[in-house]
Amino acid sequence: MATQIEKIKQLREETAAGMMDVKRALEESGGDLDGARKILKERGQAIAAKKSRRETHEGRIEAYVHFNGKVGALVEVNCETDFVARTPEFREFCRDIALHIASMKPLCVAPEDVPEEALAEEREIAEKQAAEMGKPEHITRQIVEGRLKMWVSEQALLTQPFVKDPNKTVGELLQETVSKVGENVVIRRFVRYEL
């Protein structure tokens with residue numbers, strides 16, 4: 001019995017899920033911690049998807065300036081209520097996003113926001129590189145599209161690997177935050193400065 005309580009406590013600390021949700025996930029997984037984590041993650045993503053349609057008019061603007069004073073970032077992160085905007089989880093998320101922006105230099109928030117002129121320039125470079133390989137045209141097209149897809153994912157904030165944990169993207173961190181705070185959270189915009 002004590003091990004079940006310890007597992008519940010551990011999962012609650014790791015996932016910030018409710019006690020009954022953790023208990024159900026453990027029961028469904030037959031007491032397996034990894035299985036329960038997976039169940040809770042899937043449910044968190046489903047909750048985040050449902051909440052993504054809700055309006056976000058509150059939030060905060062977070063600043064980060066690197067210790068050398070040569071790199072900084074401002075980010076606007078919105079949520080549904082002022083109450084959530086003041087929670088430690090939300091504030092930590094905002095700080096982490098500002099730090100990530102300063103460190104990783106994203107061009108935009110989402111892949112669909114990549115500027116057309118930057119995409120066209122990158123396409124031209126990829127086409128020249130692929131043409132030099134001497135491959136058939138259909139293979140060259142696949143190479144170009146693959147490189148563009150990778151480049152876009154490297155430039156968009158939500159698809160970049162999170163600087164503090166490269167095993168997850170910023171988008172996955174955002175979904176985790178939505179499930180923790182129980183509201184829709186949106187990274188609205190950012191500005192990065194560098195001397």
# chains A, B, ... in the order shown; residues from 1 in each chain; ligands from 1
call {"tool": "residues_around", "arguments": {"residues": "Glu122 of chain A", "least_positions_apart": "5", "cutoff": "12 Å", "atoms": "only C-alpha atoms", "output": "list in words"}}
result
Val114, Pro115, Glu116, Glu117, Glu127, Lys128, Gln129, Val144, Glu145, Gly146, Arg147, Leu148, Lys149, Met150, Trp151, Val152 and Gln155 of chain A
call {"tool": "residues_around", "arguments": {"residues": "segment 87-99 of chain A", "least_positions_apart": "5", "cutoff": "7 Å", "atoms": "only C-alpha atoms", "output": "NGL selection string"}}
result
:A and (62-64 or 73-75 or 77)
call {"tool": "select_by_dssp", "arguments": {"residues": "segment 69-194 of chain A", "states": "strand (DSSP E)", "output": "PyMOL selection string"}}
result
chain A and resi 71-79+161-162+165-169+185-194
call {"tool": "closest_residue", "arguments": {"among": "A:Asp34, A:Arg141, A:Glu112, A:Pro106", "to": "Glu124 of chain A", "atoms": "only C-alpha atoms"}}
result
A:Arg141
call {"tool": "closest_residue", "arguments": {"among": "A:Ser179, A:Thr140, A:Thr3, A:Ser103", "to": "Gln160 of chain A", "atoms": "only C-alpha atoms"}}
result
A:Ser103
call {"tool": "decode", "arguments": {"residues": "segment 85-104 of chain A", "atoms": "N, CA, C and O atoms", "output": "compact mmCIF listing (two decimals), in the first residue's frame"}}
result
# COMPACT_ATOMS: atom_id res chain seq x y z
N ALA A 85 -2.00 34.17 -14.25
CA ALA A 85 -0.83 34.96 -14.61
C ALA A 85 0.09 35.20 -13.42
O ALA A 85 1.28 35.44 -13.58
N ARG A 86 -0.46 35.12 -12.21
CA ARG A 86 0.35 35.35 -11.00
C ARG A 86 0.87 34.05 -10.38
O ARG A 86 1.61 34.11 -9.40
N THR A 87 0.52 32.89 -10.92
CA THR A 87 0.97 31.63 -10.32
C THR A 87 2.45 31.40 -10.60
O THR A 87 2.97 31.84 -11.63
N PRO A 88 3.13 30.71 -9.70
CA PRO A 88 4.56 30.42 -9.91
C PRO A 88 4.83 29.61 -11.18
O PRO A 88 5.84 29.84 -11.85
N GLU A 89 3.93 28.68 -11.52
CA GLU A 89 4.12 27.85 -12.72
C GLU A 89 4.12 28.70 -13.99
O GLU A 89 4.94 28.52 -14.88
N PHE A 90 3.16 29.63 -14.06
CA PHE A 90 3.05 30.48 -15.23
C PHE A 90 4.26 31.42 -15.33
O PHE A 90 4.84 31.61 -16.39
N ARG A 91 4.65 31.99 -14.20
CA ARG A 91 5.78 32.92 -14.19
C ARG A 91 7.07 32.20 -14.58
O ARG A 91 7.88 32.74 -15.34
N GLU A 92 7.25 30.98 -14.09
CA GLU A 92 8.44 30.21 -14.44
C GLU A 92 8.44 29.89 -15.94
O GLU A 92 9.48 29.97 -16.60
N PHE A 93 7.27 29.54 -16.47
CA PHE A 93 7.17 29.27 -17.91
C PHE A 93 7.58 30.51 -18.71
O PHE A 93 8.36 30.41 -19.66
N CYS A 94 7.09 31.68 -18.31
CA CYS A 94 7.43 32.92 -19.02
C CYS A 94 8.93 33.19 -18.96
O CYS A 94 9.54 33.56 -19.98
N ARG A 95 9.53 33.00 -17.80
CA ARG A 95 10.98 33.20 -17.66
C ARG A 95 11.75 32.23 -18.55
O ARG A 95 12.72 32.61 -19.22
N ASP A 96 11.32 30.97 -18.56
CA ASP A 96 11.98 29.96 -19.39
C ASP A 96 11.89 30.30 -20.88
O ASP A 96 12.85 30.10 -21.62
N ILE A 97 10.75 30.81 -21.31
CA ILE A 97 10.57 31.16 -22.72
C ILE A 97 11.46 32.34 -23.08
O ILE A 97 12.10 32.35 -24.14
N ALA A 98 11.53 33.35 -22.21
CA ALA A 98 12.40 34.50 -22.48
C ALA A 98 13.87 34.06 -22.56
O ALA A 98 14.61 34.49 -23.46
N LEU A 99 14.29 33.18 -21.66
CA LEU A 99 15.65 32.64 -21.68
C LEU A 99 15.90 31.87 -22.98
O LEU A 99 16.93 32.04 -23.63
N HIS A 100 14.94 31.06 -23.36
CA HIS A 100 15.06 30.27 -24.59
C HIS A 100 15.21 31.17 -25.81
O HIS A 100 16.07 30.93 -26.67
N ILE A 101 14.41 32.21 -25.89
CA ILE A 101 14.46 33.13 -27.03
C ILE A 101 15.83 33.80 -27.11
O ILE A 101 16.42 33.90 -28.18
N ALA A 102 16.34 34.25 -25.97
CA ALA A 102 17.65 34.88 -25.95
C ALA A 102 18.74 33.90 -26.40
O ALA A 102 19.67 34.28 -27.10
N SER A 103 18.60 32.64 -26.01
CA SER A 103 19.63 31.64 -26.31
C SER A 103 19.55 31.08 -27.72
O SER A 103 20.58 30.84 -28.36
N MET A 104 18.35 30.83 -28.23
CA MET A 104 18.18 30.05 -29.46
C MET A 104 17.82 30.86 -30.71
O MET A 104 17.71 30.31 -31.79
